[in-house]
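S.K.: One file is attached below, start18.cif, containing mmCIF, C-alpha atoms.
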```
data_protein
#
loop_
_atom_site.label_atom_id
_atom_site.label_comp_id
_atom_site.auth_asym_id
_atom_site.auth_seq_id
_atom_site.Cartn_x
_atom_site.Cartn_y
_atom_site.Cartn_z
CA MET A 1 -5.61 11.27 -28.85
CA ILE A 2 -6.93 9.70 -32.03
CA TRP A 3 -4.07 7.16 -31.96
CA PHE A 4 -4.87 6.28 -28.39
CA ILE A 5 -8.55 5.73 -29.24
CA LEU A 6 -7.58 3.57 -32.23
CA PHE A 7 -5.11 1.59 -30.12
CA ILE A 8 -7.69 0.89 -27.41
CA ALA A 9 -10.34 -0.05 -29.99
CA VAL A 10 -8.00 -2.53 -31.70
CA ALA A 11 -6.63 -3.90 -28.40
CA LEU A 12 -10.10 -4.35 -26.93
CA ALA A 13 -11.44 -6.05 -30.07
CA THR A 14 -8.40 -8.38 -30.23
CA SER A 15 -8.66 -9.21 -26.52
CA ILE A 16 -12.37 -10.00 -26.74
CA PHE A 17 -11.73 -12.13 -29.83
CA MET A 18 -9.01 -14.06 -27.97
CA MET A 19 -11.18 -14.47 -24.88
CA VAL A 20 -14.04 -15.83 -26.96
CA LYS A 21 -11.62 -18.19 -28.68
CA GLN A 22 -10.35 -19.38 -25.28
CA LYS A 23 -13.99 -20.01 -24.28
CA LYS A 24 -13.92 -17.62 -21.35
CA SER A 25 -17.19 -17.05 -19.50
CA THR A 26 -19.42 -14.13 -20.46
CA LYS A 27 -19.00 -12.74 -16.96
CA GLU A 28 -15.22 -12.60 -17.36
CA ILE A 29 -15.45 -10.93 -20.77
CA MET A 30 -17.95 -8.37 -19.41
CA LEU A 31 -15.78 -7.64 -16.36
CA PHE A 32 -12.68 -7.27 -18.54
CA SER A 33 -14.48 -4.91 -20.94
CA THR A 34 -15.90 -2.83 -18.08
CA ILE A 35 -12.48 -2.32 -16.49
CA VAL A 36 -10.91 -1.46 -19.86
CA LEU A 37 -13.70 1.04 -20.58
CA LEU A 38 -13.30 2.60 -17.12
CA GLY A 39 -9.57 2.94 -17.75
CA PHE A 40 -10.27 4.33 -21.21
CA ALA A 41 -12.68 6.93 -19.77
CA ASP A 42 -10.03 7.90 -17.23
CA TRP A 43 -7.40 8.34 -19.94
CA ILE A 44 -9.76 10.36 -22.10
CA SER A 45 -10.42 12.62 -19.11
CA ILE A 46 -6.64 13.15 -18.88
CA PHE A 47 -6.40 13.99 -22.60
CA LEU A 48 -9.27 16.46 -22.26
CA GLU A 49 -7.55 18.05 -19.24
CA ARG A 50 -10.46 17.25 -16.93
CA LYS A 51 -8.56 14.72 -14.85
CA PHE A 52 -10.40 12.38 -12.52
CA ASN A 53 -8.62 12.81 -9.22
CA PRO A 54 -9.74 10.28 -6.56
CA ASN A 55 -7.86 12.15 -3.80
CA HIS A 56 -9.86 15.29 -4.54
CA TRP A 57 -13.18 13.42 -4.31
CA ILE A 58 -12.24 11.62 -1.10
CA ALA A 59 -10.98 14.85 0.52
CA SER A 60 -14.19 16.69 -0.46
CA PHE A 61 -16.30 13.86 0.95
CA ILE A 62 -14.38 13.82 4.26
CA ASP A 63 -14.69 17.62 4.51
CA TRP A 64 -18.41 17.34 3.79
CA ILE A 65 -19.16 14.70 6.43
CA SER A 66 -17.11 16.42 9.10
CA LEU A 67 -18.77 19.74 8.09
CA MET B 1 -9.70 -19.23 -5.50
CA GLU B 2 -5.98 -19.86 -5.97
CA THR B 3 -4.62 -23.02 -4.33
CA ALA B 4 -1.23 -21.49 -3.47
CA ARG B 5 0.45 -21.94 -0.10
CA ILE B 6 2.96 -19.66 1.60
CA SER B 7 4.91 -20.34 4.78
CA THR B 8 4.65 -18.22 7.93
CA TRP B 9 8.15 -16.89 7.30
CA GLN B 10 7.16 -15.81 3.78
CA PHE B 11 4.08 -14.12 5.19
CA PHE B 12 6.24 -12.32 7.75
CA ILE B 13 8.62 -11.10 5.04
CA LEU B 14 5.69 -9.98 2.88
CA ALA B 15 4.12 -8.12 5.82
CA LEU B 16 7.44 -6.52 6.77
CA GLY B 17 8.20 -5.52 3.17
CA TYR B 18 4.70 -4.15 2.76
CA LEU B 19 4.73 -2.19 6.02
CA LEU B 20 8.29 -0.95 6.10
CA GLY B 21 9.22 -0.67 2.43
CA THR B 22 7.85 2.60 1.12
CA SER B 23 7.24 4.21 4.52
CA PHE B 24 10.99 4.11 5.19
CA PHE B 25 11.49 6.29 2.10
CA PHE B 26 8.47 8.59 2.15
CA ARG B 27 7.55 9.03 5.82
CA ILE B 28 10.70 10.11 7.61
CA GLY B 29 11.03 13.73 6.36
CA GLY B 30 7.37 14.50 7.09
CA LEU B 31 7.57 13.16 10.64
CA ILE B 32 10.69 15.17 11.40
CA SER B 33 9.11 18.35 10.03
CA ILE B 34 6.22 17.98 12.51
CA ALA B 35 7.83 16.61 15.66
CA LYS B 36 11.42 17.85 15.19
CA GLN B 37 13.89 16.08 17.52
CA ASP B 38 11.14 13.99 19.09
CA ALA B 39 9.98 12.46 15.80
CA TRP B 40 11.57 9.08 16.61
CA MET B 41 8.89 8.48 19.27
CA ILE B 42 5.97 8.72 16.82
CA PRO B 43 6.50 5.32 15.12
CA LEU B 44 6.50 3.71 18.57
CA TRP B 45 2.98 4.76 19.55
CA SER B 46 1.74 4.33 15.98
CA GLY B 47 3.12 0.77 16.16
CA ILE B 48 1.10 0.13 19.33
CA ALA B 49 -2.05 1.31 17.52
CA GLY B 50 -1.05 -0.95 14.61
CA VAL B 51 -0.79 -3.99 16.90
CA LEU B 52 -4.25 -3.27 18.37
CA LEU B 53 -5.68 -3.08 14.84
CA VAL B 54 -4.02 -6.36 13.92
CA LEU B 55 -5.76 -7.99 16.90
CA ILE B 56 -9.15 -6.80 15.57
CA TRP B 57 -8.44 -8.13 12.07
CA ILE B 58 -7.16 -11.47 13.40
CA LYS B 59 -10.26 -11.81 15.60
CA LEU B 60 -12.46 -11.24 12.56
CA ALA B 61 -10.43 -13.63 10.40
CA ASN B 62 -10.64 -16.34 13.08
CA TYR B 63 -14.43 -16.33 12.80
CA TYR B 64 -14.13 -17.02 9.07
CA PRO B 65 -11.07 -19.25 8.61
CA GLY B 66 -9.91 -19.68 5.02
CA ASN B 67 -11.71 -16.53 3.83
CA THR B 68 -10.38 -13.23 2.57
CA ILE B 69 -11.85 -9.85 3.55
CA ILE B 70 -13.88 -9.82 0.31
CA GLN B 71 -15.46 -13.19 1.11
CA ILE B 72 -16.03 -12.13 4.73
CA CYS B 73 -17.93 -9.03 3.48
CA ILE B 74 -20.31 -11.21 1.47
CA GLN B 75 -20.72 -13.84 4.20
CA VAL B 76 -21.42 -11.31 6.94
CA ALA B 77 -23.47 -8.64 5.18
CA GLY B 78 -25.06 -10.65 2.37
CA LYS B 79 -24.70 -10.46 -1.39
CA GLY B 80 -26.24 -6.98 -1.79
CA PHE B 81 -24.78 -4.81 0.98
CA GLY B 82 -21.76 -7.08 1.49
CA GLY B 83 -21.07 -7.05 -2.24
CA PHE B 84 -21.19 -3.25 -2.20
CA ILE B 85 -18.68 -3.09 0.69
CA ALA B 86 -16.48 -5.64 -1.12
CA LEU B 87 -16.58 -3.38 -4.19
CA LEU B 88 -15.50 -0.45 -1.99
CA TYR B 89 -12.59 -2.54 -0.75
CA ILE B 90 -11.59 -3.39 -4.33
CA GLY B 91 -11.86 0.31 -5.20
CA TYR B 92 -9.48 1.03 -2.32
CA PHE B 93 -6.99 -1.59 -3.56
CA VAL B 94 -7.04 0.02 -7.00
CA HIS B 95 -6.63 3.51 -5.50
CA LEU B 96 -3.75 2.29 -3.33
CA SER B 97 -2.07 0.74 -6.38
CA ALA B 98 -2.42 4.08 -8.20
CA LEU B 99 -0.92 5.95 -5.22
CA ILE B 100 2.06 3.58 -5.00
CA THR B 101 2.61 3.77 -8.76
CA ARG B 102 2.59 7.56 -8.55
CA ASN B 103 5.08 7.47 -5.66
CA LEU B 104 7.43 5.52 -7.89
CA GLY B 105 6.90 7.87 -10.83
CA ASP B 106 7.47 11.00 -8.72
CA PHE B 107 10.64 9.58 -7.20
CA MET B 108 12.11 8.56 -10.54
CA LYS B 109 11.17 11.81 -12.26
CA ILE B 110 12.37 14.13 -9.49
CA ASN B 111 15.61 12.37 -8.64
CA LEU B 112 16.84 10.26 -11.51
CA MET B 113 15.30 10.86 -14.93
CA PRO B 114 13.67 14.31 -15.04
CA ARG B 115 13.32 14.35 -18.84
CA THR B 116 11.46 11.04 -19.14
CA PRO B 117 7.63 11.27 -19.11
CA ILE B 118 6.24 9.97 -15.82
CA VAL B 119 3.79 7.67 -17.60
CA VAL B 120 6.71 5.63 -18.95
CA PHE B 121 7.77 4.63 -15.40
CA HIS B 122 4.17 3.83 -14.51
CA VAL B 123 3.40 1.60 -17.48
CA MET B 124 6.77 -0.20 -17.48
CA PHE B 125 6.51 -1.02 -13.81
CA LEU B 126 2.84 -2.01 -14.03
CA LEU B 127 3.70 -4.49 -16.79
CA VAL B 128 6.17 -6.23 -14.45
CA ILE B 129 3.65 -6.17 -11.61
CA CYS B 130 0.94 -7.56 -13.91
CA TYR B 131 3.22 -10.49 -14.79
CA ALA B 132 3.98 -11.15 -11.09
CA VAL B 133 0.29 -11.01 -10.19
CA THR B 134 -0.63 -13.37 -13.01
CA LYS B 135 1.92 -15.86 -11.67
CA GLY B 136 0.31 -15.72 -8.23
CA VAL B 137 0.96 -15.12 -4.57
CA GLU B 138 3.59 -17.88 -4.30
CA THR B 139 5.74 -16.18 -6.93
CA ILE B 140 5.36 -12.80 -5.25
CA SER B 141 6.28 -14.19 -1.84
CA ARG B 142 9.26 -16.13 -3.21
CA SER B 143 10.61 -13.10 -5.05
CA THR B 144 10.11 -11.03 -1.89
CA GLU B 145 11.96 -13.67 0.11
CA PHE B 146 14.78 -13.52 -2.42
CA LEU B 147 14.96 -9.72 -2.67
CA PHE B 148 14.44 -8.72 0.95
CA PRO B 149 17.93 -9.71 2.20
CA LEU B 150 19.38 -7.49 -0.53
CA VAL B 151 17.36 -4.55 0.80
CA THR B 152 18.38 -5.29 4.39
CA VAL B 153 22.08 -5.58 3.59
CA THR B 154 22.03 -2.32 1.60
CA PHE B 155 20.27 -0.48 4.42
CA LEU B 156 22.77 -1.81 6.96
CA LEU B 157 25.64 -0.75 4.71
CA ILE B 158 24.20 2.76 4.34
CA PHE B 159 23.59 2.91 8.07
CA PHE B 160 27.16 2.06 9.00
CA ILE B 161 28.80 4.26 6.35
CA ALA B 162 26.63 7.29 7.15
CA LEU B 163 27.33 6.98 10.87
CA SER B 164 30.55 8.92 10.25
CA GLU B 165 28.35 12.03 9.81
CA TRP B 166 26.60 11.45 13.14
CA ASN B 167 26.38 14.41 15.52
CA TRP B 168 24.65 14.20 18.91
CA ASP B 169 24.22 18.00 18.99
CA ARG B 170 21.47 17.62 16.40
CA PHE B 171 19.26 16.13 19.13
CA GLN B 172 19.38 19.21 21.31
CA GLY B 173 15.90 20.44 22.15
CA MET B 174 14.47 16.97 22.65
CA PHE B 175 11.39 16.25 24.83
CA HIS B 176 9.73 19.59 24.19
CA MET B 177 6.76 18.42 22.17
CA ASN B 178 3.12 18.69 23.12
CA ILE B 179 2.10 15.03 23.02
CA TRP B 180 -1.59 15.48 22.08
CA THR B 181 -0.96 18.05 19.36
CA THR B 182 1.84 15.92 17.89
CA MET B 183 -0.33 12.79 18.04
CA LYS B 184 -3.10 14.61 16.19
CA GLU B 185 -0.75 16.00 13.56
CA THR B 186 1.05 12.71 12.96
CA ARG B 187 -2.05 10.49 12.93
CA SER B 188 -1.39 9.86 9.24
CA LEU B 189 1.49 7.54 10.25
CA ILE B 190 -1.09 5.18 11.76
CA GLY B 191 -2.91 5.32 8.41
CA PHE B 192 0.21 4.76 6.34
CA PRO B 193 1.66 2.15 6.86
CA PHE B 194 -0.08 0.53 9.87
CA MET B 195 -3.76 0.73 8.87
CA GLU B 196 -2.91 -0.12 5.28
CA ALA B 197 -1.78 -3.53 6.52
CA PHE B 198 -5.39 -4.77 6.58
CA VAL B 199 -4.75 -5.47 2.88
CA LEU B 200 -2.78 -8.50 4.06
CA MET B 201 -6.07 -10.06 5.21
CA MET B 202 -6.42 -11.00 1.55
CA LEU B 203 -3.41 -13.32 2.01
CA PHE B 204 -4.48 -15.07 5.23
CA PRO B 205 -6.08 -18.08 3.48
CA TYR B 206 -2.83 -18.88 1.71
CA VAL B 207 -0.69 -19.13 4.86
CA LYS B 208 0.07 -22.77 5.71
CA SER B 209 0.07 -22.55 9.48
CA LYS B 210 -3.04 -20.55 10.44
CA ASN B 211 -2.17 -20.49 14.15
CA ARG B 212 1.03 -18.58 13.56
CA ILE B 213 -0.40 -15.78 11.39
CA LYS B 214 -1.16 -13.73 14.50
CA VAL B 215 2.39 -13.94 15.85
CA SER B 216 4.07 -13.20 12.53
CA PHE B 217 1.71 -10.30 11.72
CA ILE B 218 2.18 -8.70 15.15
CA LEU B 219 5.93 -9.27 14.94
CA ALA B 220 6.03 -7.57 11.53
CA ASN B 221 4.20 -4.56 13.03
CA VAL B 222 6.55 -4.37 16.00
CA VAL B 223 9.68 -4.69 13.85
CA THR B 224 8.33 -2.02 11.47
CA ALA B 225 7.66 0.39 14.34
CA LEU B 226 11.13 -0.16 15.80
CA LEU B 227 12.94 0.14 12.47
CA LEU B 228 10.97 3.24 11.47
CA SER B 229 11.83 4.80 14.81
CA LEU B 230 15.48 3.87 14.31
CA GLY B 231 15.34 5.30 10.76
CA VAL B 232 13.99 8.63 12.03
CA PHE B 233 16.58 8.72 14.83
CA PHE B 234 19.34 7.98 12.34
CA THR B 235 18.13 10.67 9.90
CA ILE B 236 18.02 13.31 12.66
CA GLY B 237 21.52 12.35 13.81
CA VAL B 238 23.00 12.40 10.30
CA LEU B 239 21.08 15.15 8.49
CA GLY B 240 19.71 17.27 11.34
CA VAL B 241 16.15 18.49 11.77
CA THR B 242 16.29 21.48 9.41
CA ARG B 243 17.63 19.60 6.42
CA ALA B 244 15.60 16.44 6.97
CA SER B 245 12.32 18.32 7.26
CA HIS B 246 12.96 20.21 4.02
CA GLU B 247 13.78 17.12 1.96
CA THR B 248 11.05 14.95 0.43
CA TYR B 249 13.34 11.94 0.27
CA SER B 250 15.69 12.39 3.20
CA LEU B 251 17.14 8.88 2.96
CA PHE B 252 18.03 9.55 -0.68
CA VAL B 253 19.88 12.74 0.33
CA ILE B 254 21.88 10.83 2.95
CA VAL B 255 22.98 8.31 0.33
CA GLN B 256 23.65 11.03 -2.25
CA GLU B 257 26.17 12.67 0.05
CA MET B 258 27.80 9.46 1.14
CA HIS B 259 31.22 8.52 -0.14
CA ILE B 260 34.22 6.43 0.91
CA GLY B 261 37.27 8.27 -0.30
CA THR B 262 36.98 8.88 -4.03
CA PHE B 263 36.30 5.25 -4.83
CA PHE B 264 32.70 4.83 -3.64
CA GLU B 265 30.68 7.82 -4.82
CA HIS B 266 27.17 8.46 -6.18
CA LEU B 267 25.55 5.56 -4.42
CA GLU B 268 22.10 7.07 -5.02
CA SER B 269 21.41 4.73 -7.92
CA THR B 270 21.79 1.83 -5.45
CA ILE B 271 19.13 3.31 -3.22
CA ALA B 272 16.89 3.89 -6.25
CA LEU B 273 17.21 0.19 -7.01
CA ILE B 274 16.26 -0.64 -3.43
CA LEU B 275 13.23 1.65 -3.73
CA LEU B 276 12.22 -0.19 -6.89
CA ILE B 277 12.37 -3.47 -4.96
CA VAL B 278 10.28 -2.26 -2.03
CA ILE B 279 7.76 -0.65 -4.38
CA PHE B 280 7.62 -3.95 -6.26
CA ILE B 281 6.76 -5.74 -3.00
CA LYS B 282 4.08 -3.26 -1.98
CA LEU B 283 2.55 -2.71 -5.40
CA SER B 284 2.45 -6.41 -6.24
CA ILE B 285 0.54 -7.09 -3.01
CA SER B 286 -1.99 -4.28 -3.49
CA TYR B 287 -2.41 -5.07 -7.20
CA TYR B 288 -2.78 -8.76 -6.42
CA CYS B 289 -5.46 -7.92 -3.84
CA ALA B 290 -7.38 -5.82 -6.39
CA VAL B 291 -7.27 -8.58 -9.02
CA SER B 292 -7.94 -11.39 -6.56
CA GLY B 293 -10.77 -9.38 -4.97
CA LEU B 294 -12.41 -8.93 -8.37
CA CYS B 295 -12.02 -12.66 -9.07
CA GLN B 296 -13.59 -13.58 -5.74
CA LEU B 297 -16.45 -11.09 -5.96
CA PHE B 298 -17.42 -11.99 -9.52
CA GLN B 299 -16.36 -15.64 -9.24
CA VAL B 300 -13.84 -15.58 -12.05
CA ASN B 301 -11.16 -18.30 -12.08
CA ASN B 302 -8.45 -16.77 -14.24
CA ARG B 303 -6.56 -13.68 -13.08
CA SER B 304 -4.58 -12.93 -16.26
CA TRP B 305 -7.15 -10.93 -18.24
CA LEU B 306 -8.28 -8.93 -15.25
CA SER B 307 -4.71 -8.04 -14.29
CA ILE B 308 -4.01 -6.88 -17.86
CA SER B 309 -7.11 -4.69 -17.92
CA LEU B 310 -6.22 -3.05 -14.60
CA ILE B 311 -2.96 -1.67 -16.04
CA LEU B 312 -4.96 0.87 -18.06
CA LEU B 313 -7.07 1.92 -15.08
CA VAL B 314 -4.25 2.12 -12.53
CA SER B 315 -1.89 3.99 -14.88
CA GLY B 316 -4.70 6.45 -15.69
CA LEU B 317 -5.61 6.99 -12.04
CA SER B 318 -1.97 7.51 -11.07
CA LEU B 319 -1.82 10.44 -13.49
CA GLY B 320 -4.89 12.00 -11.88
CA PHE B 321 -2.87 13.47 -9.00
CA ASP B 322 -1.51 16.90 -9.85
CA ASN B 323 1.86 16.74 -8.13
CA ILE B 324 3.77 15.28 -5.21
CA LEU B 325 2.65 18.11 -2.90
CA GLU B 326 -0.98 17.21 -3.42
CA ASN B 327 -0.21 13.63 -2.37
CA ILE B 328 1.68 14.82 0.71
CA VAL B 329 -1.20 17.09 1.76
CA PHE B 330 -3.77 14.34 1.13
CA ASN B 331 -1.68 11.95 3.19
CA ARG B 332 -1.27 14.36 6.08
CA GLU B 333 -4.81 15.76 6.22
CA TYR B 334 -7.14 13.01 5.05
CA TYR B 335 -5.47 9.62 4.85
CA PHE B 336 -6.10 8.60 8.45
CA GLU B 337 -9.83 9.42 8.20
CA TYR B 338 -10.03 7.64 4.83
CA MET B 339 -8.35 4.53 6.24
CA LEU B 340 -10.62 4.51 9.32
CA LEU B 341 -13.48 3.32 7.15
CA PHE B 342 -11.66 0.30 5.73
CA ALA B 343 -9.38 -0.65 8.60
CA VAL B 344 -11.56 0.07 11.63
CA ILE B 345 -15.24 0.82 10.91
CA PHE B 346 -15.99 -2.03 8.49
CA PRO B 347 -14.04 -4.72 10.44
CA LEU B 348 -15.76 -3.63 13.69
CA LEU B 349 -19.14 -3.66 11.94
CA PHE B 350 -18.45 -7.18 10.67
CA LEU B 351 -17.39 -8.31 14.16
CA PHE B 352 -20.57 -6.83 15.62
CA LEU B 353 -22.75 -8.52 12.97
CA THR B 354 -20.95 -11.83 13.56
CA TRP B 355 -21.56 -11.64 17.31
CA MET B 356 -25.22 -10.81 16.64
CA LYS B 357 -25.53 -13.82 14.34
CA LYS B 358 -23.79 -16.13 16.84
CA GLY B 359 -26.01 -14.86 19.66
CA LYS B 360 -29.13 -15.47 17.57
CA GLU B 361 -27.98 -19.01 16.71
CA LYS B 362 -27.26 -19.74 20.39
CA ARG B 363 -30.72 -18.51 21.43
CA LYS B 364 -32.28 -20.70 18.72
CA VAL B 365 -30.44 -23.80 19.97
CA VAL B 366 -31.40 -23.06 23.59
CA GLY B 367 -35.04 -22.43 22.50
CA SER B 368 -35.23 -25.72 20.54
CA GLN B 369 -33.73 -27.67 23.48
CA ALA B 370 -36.26 -26.14 25.90
#
```
Could you render the structure from this file as structure tokens?
M.R.:
Amino acid sequence: MIWFILFIAVALATSIFMMVKQKKSTKEIMLFSTIVLLGFADWISIFLERKFNPNHWIASFIDWISL
Amino acid sequence: METARISTWQFFILALGYLLGTSFFFRIGGLISIAKQDAWMIPLWSGIAGVLLVLIWIKLANYYPGNTIIQICIQVAGKGFGGFIALLYIGYFVHLSALITRNLGDFMKINLMPRTPIVVFHVMFLLVICYAVTKGVETISRSTEFLFPLVTVTFLLIFFIALSEWNWDRFQGMFHMNIWTTMKETRSLIGFPFMEAFVLMMLFPYVKSKNRIKVSFILANVVTALLLSLGVFFTIGVLGVTRASHETYSLFVIVQEMHIGTFFEHLESTIALILLIVIFIKLSISYYCAVSGLCQLFQVNNRSWLSISLILLVSGLSLGFDNILENIVFNREYYFEYMLLFAVIFPLLFLFLTWMKKGKEKRKVVGSQA
């Protein structure tokens, strides 16, 4: 997992550096970073064996509203 | 927004590839297990429901020409609430991309390369999709136009070769189903693939001839329903109900057992290639919609960085599902209800709000004239 964290940290830093160099808007950089961090959180949840399963959440919600 | 243009024919091929592609592989066994010998009828009534849904979406799109569903959300319901619904739509596109990616991974791992980690298939394929999405909708539609004949010819070839195994006795016991119970149990077929087709509303602004979108979209739905029905009929005739309902990929089994003498054998790798093509078509559309939706909602011009960042999220989400059984159960029990929100409730709400707005404007004009 440590290699994955290092990889993401380096990739994110390089990407942001390149985006700044390409004069991308702040909004785009923020959106990019948010999606990467969401993906990173999802991957960490997989490594920690507490997977985020969207199907499970949707099924629970449908069960809950139909009581 | 992208300035690309696609022809009506390209849109038709995209819609057909999107609707028919993966459902032809993943739907048939499940339908046969529920409705037995009568399963071929289910795609027909699901197709009728699909056409009715298309009429709703077209009606909505006609009120806002040149806009995608994301832009319609914001125009109808405002930046706050509309933006939230648009975000839900984008969330759905991402979820759909993860589901399709997982379908690919499961198929490859179960049938072809059981010792390769599933994440390898996901990431490799997502890289290709990311490149296609960065290039734009024109590239996706052209590659679909190029690849679709290959898929059609292969299917026809399989169809004619496998006909030698045909046995009419396998249809004995037909017309014994309880229509209402079967309709209720097979409602997921309306969800996948027919309700999923609302995703194509994201491509409406790029079609050159706006007047012919309706015809080509409806035609794609009708052709899908007929071909799915034919596919189910063919599978029952060749494999029989018992075998087909116990196989996850019944079409793959048909091809696996097919041979012409000792010369043509093990044609399953051909069908795997075809599956890769149809998954490419479907995944590139859903992934494109997710990226393009994000660009439209947050007013970003360049798609490349966003499509790269989504690889991490989609590949992570696709690993969230425990196994193929969980996906099958989710599809059968919940997918229709889940899709109702995006394909029926929100579009109807937008239509209602649009009519309210139009009525208010009319009353204002009449009031000012009086």
S.K.: Taking the file as shown, find all residues satisfying the PyMOL selection byres ((chain A) within 6 of (chain B)) and write them as an NGL selection string.
M.R.: :A and (32 or 36 or 39 or 42-43 or 51-53)
S.K.: Could you tell me how far CA of Phe40 (chain A) lies from CA of Trp3 (chain A), in Å and to one decimal?
M.R.: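 Interatomic distance here is 12.7 Å.
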S.K.: Nearest to Ala11 (chain A): which of A:Leu48, A:Ile65, A:Leu37, A:Ile58 is it, counting only C-alpha atoms?
M.R.: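 Using only C-alpha atoms, Ala11 (chain A) sits closest to A:Leu37.
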S.K.: What are the closest atom pairs, with distances in Å to one decimal, for each residue of region 24-50 of chain B lying within 6 Å of region 245-260 of chain B, using only C-alpha atoms, rows by chain and rising residue number, as CSV?
M.R.:
```
residue,atom,partner,partner_atom,distance
B:Gly29,CA,B:Ser245,CA,4.9
B:Ile32,CA,B:Ser245,CA,5.5
B:Ser33,CA,B:Ser245,CA,4.2
```
S.K.: Can you list what the PyMOL selection byres ((chain B and resi 8) around 8) grabs from this structure, as a list in words?
M.R.: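 Going through the file, the PyMOL selection byres ((chain B and resi 8) around 8) ends up selecting Ile6, Ser7, Trp9, Gln10, Phe11, Phe12, Val207, Lys208, Ser209, Arg212, Ile213 and Ser216 of chain B.
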S.K.: Let me see the file: selected residues, C-alpha atoms, as a short mmCIF file (atom, residue, chain, number, x, y, z; two decimals), in the frame of the given file.
M.R.:
```cif
data_model
loop_
_atom_site.label_atom_id
_atom_site.label_comp_id
_atom_site.auth_asym_id
_atom_site.auth_seq_id
_atom_site.Cartn_x
_atom_site.Cartn_y
_atom_site.Cartn_z
CA ILE B 6 2.96 -19.66 1.60
CA SER B 7 4.91 -20.34 4.78
CA TRP B 9 8.15 -16.89 7.30
CA GLN B 10 7.16 -15.81 3.78
CA PHE B 11 4.08 -14.12 5.19
CA PHE B 12 6.24 -12.32 7.75
CA VAL B 207 -0.69 -19.13 4.86
CA LYS B 208 0.07 -22.77 5.71
CA SER B 209 0.07 -22.55 9.48
CA ARG B 212 1.03 -18.58 13.56
CA ILE B 213 -0.40 -15.78 11.39
CA SER B 216 4.07 -13.20 12.53
#
```
S.K.: Can you tell me, as a list of chain:residue names, what residues are no more than 12 Å from Leu147 (chain B) when counting only C-alpha atoms, ignoring any on the same chain fewer than 3 positions away?
M.R.: B:Gln10, B:Ile13, B:Leu14, B:Gly17, B:Gly21, B:Ile140, B:Ser141, B:Arg142, B:Ser143, B:Thr144, B:Leu150, B:Val151, B:Thr152, B:Val153, B:Thr154, B:Leu273, B:Ile274, B:Leu275, B:Leu276, B:Ile277, B:Val278, B:Ile279, B:Phe280, B:Ile281
S.K.: Could you save the residues just selected, with C-alpha atoms, as a PDB file, keeping the file's coordinate frame?
M.R.:
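Written file, part-v9.pdb:
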```pdb
ATOM      1  CA  GLN B  10       7.160 -15.810   3.780  1.00  0.00           C
ATOM      2  CA  ILE B  13       8.620 -11.100   5.040  1.00  0.00           C
ATOM      3  CA  LEU B  14       5.690  -9.980   2.880  1.00  0.00           C
ATOM      4  CA  GLY B  17       8.200  -5.520   3.170  1.00  0.00           C
ATOM      5  CA  GLY B  21       9.220  -0.670   2.430  1.00  0.00           C
ATOM      6  CA  ILE B 140       5.360 -12.800  -5.250  1.00  0.00           C
ATOM      7  CA  SER B 141       6.280 -14.190  -1.840  1.00  0.00           C
ATOM      8  CA  ARG B 142       9.260 -16.130  -3.210  1.00  0.00           C
ATOM      9  CA  SER B 143      10.610 -13.100  -5.050  1.00  0.00           C
ATOM     10  CA  THR B 144      10.110 -11.030  -1.890  1.00  0.00           C
ATOM     11  CA  LEU B 150      19.380  -7.490  -0.530  1.00  0.00           C
ATOM     12  CA  VAL B 151      17.360  -4.550   0.800  1.00  0.00           C
ATOM     13  CA  THR B 152      18.380  -5.290   4.390  1.00  0.00           C
ATOM     14  CA  VAL B 153      22.080  -5.580   3.590  1.00  0.00           C
ATOM     15  CA  THR B 154      22.030  -2.320   1.600  1.00  0.00           C
ATOM     16  CA  LEU B 273      17.210   0.190  -7.010  1.00  0.00           C
ATOM     17  CA  ILE B 274      16.260  -0.640  -3.430  1.00  0.00           C
ATOM     18  CA  LEU B 275      13.230   1.650  -3.730  1.00  0.00           C
ATOM     19  CA  LEU B 276      12.220  -0.190  -6.890  1.00  0.00           C
ATOM     20  CA  ILE B 277      12.370  -3.470  -4.960  1.00  0.00           C
ATOM     21  CA  VAL B 278      10.280  -2.260  -2.030  1.00  0.00           C
ATOM     22  CA  ILE B 279       7.760  -0.650  -4.380  1.00  0.00           C
ATOM     23  CA  PHE B 280       7.620  -3.950  -6.260  1.00  0.00           C
ATOM     24  CA  ILE B 281       6.760  -5.740  -3.000  1.00  0.00           C
TER      25      ILE B 281
END
```
S.K.: Between CA of Leu200 (chain B) and CA of Thr134 (chain B), what is the distance in Å, rounded to a tenth?
M.R.: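 It comes out at 17.9 Å.
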S.K.: Here's the selection I'm unsure about, the PyMOL selection byres ((chain B and resi 169-181) around 12); applied to the file above, which residues does it give, as number ranges by chain?
M.R.: B: 32, 34-42, 45, 165-168, 182-187, 232-244
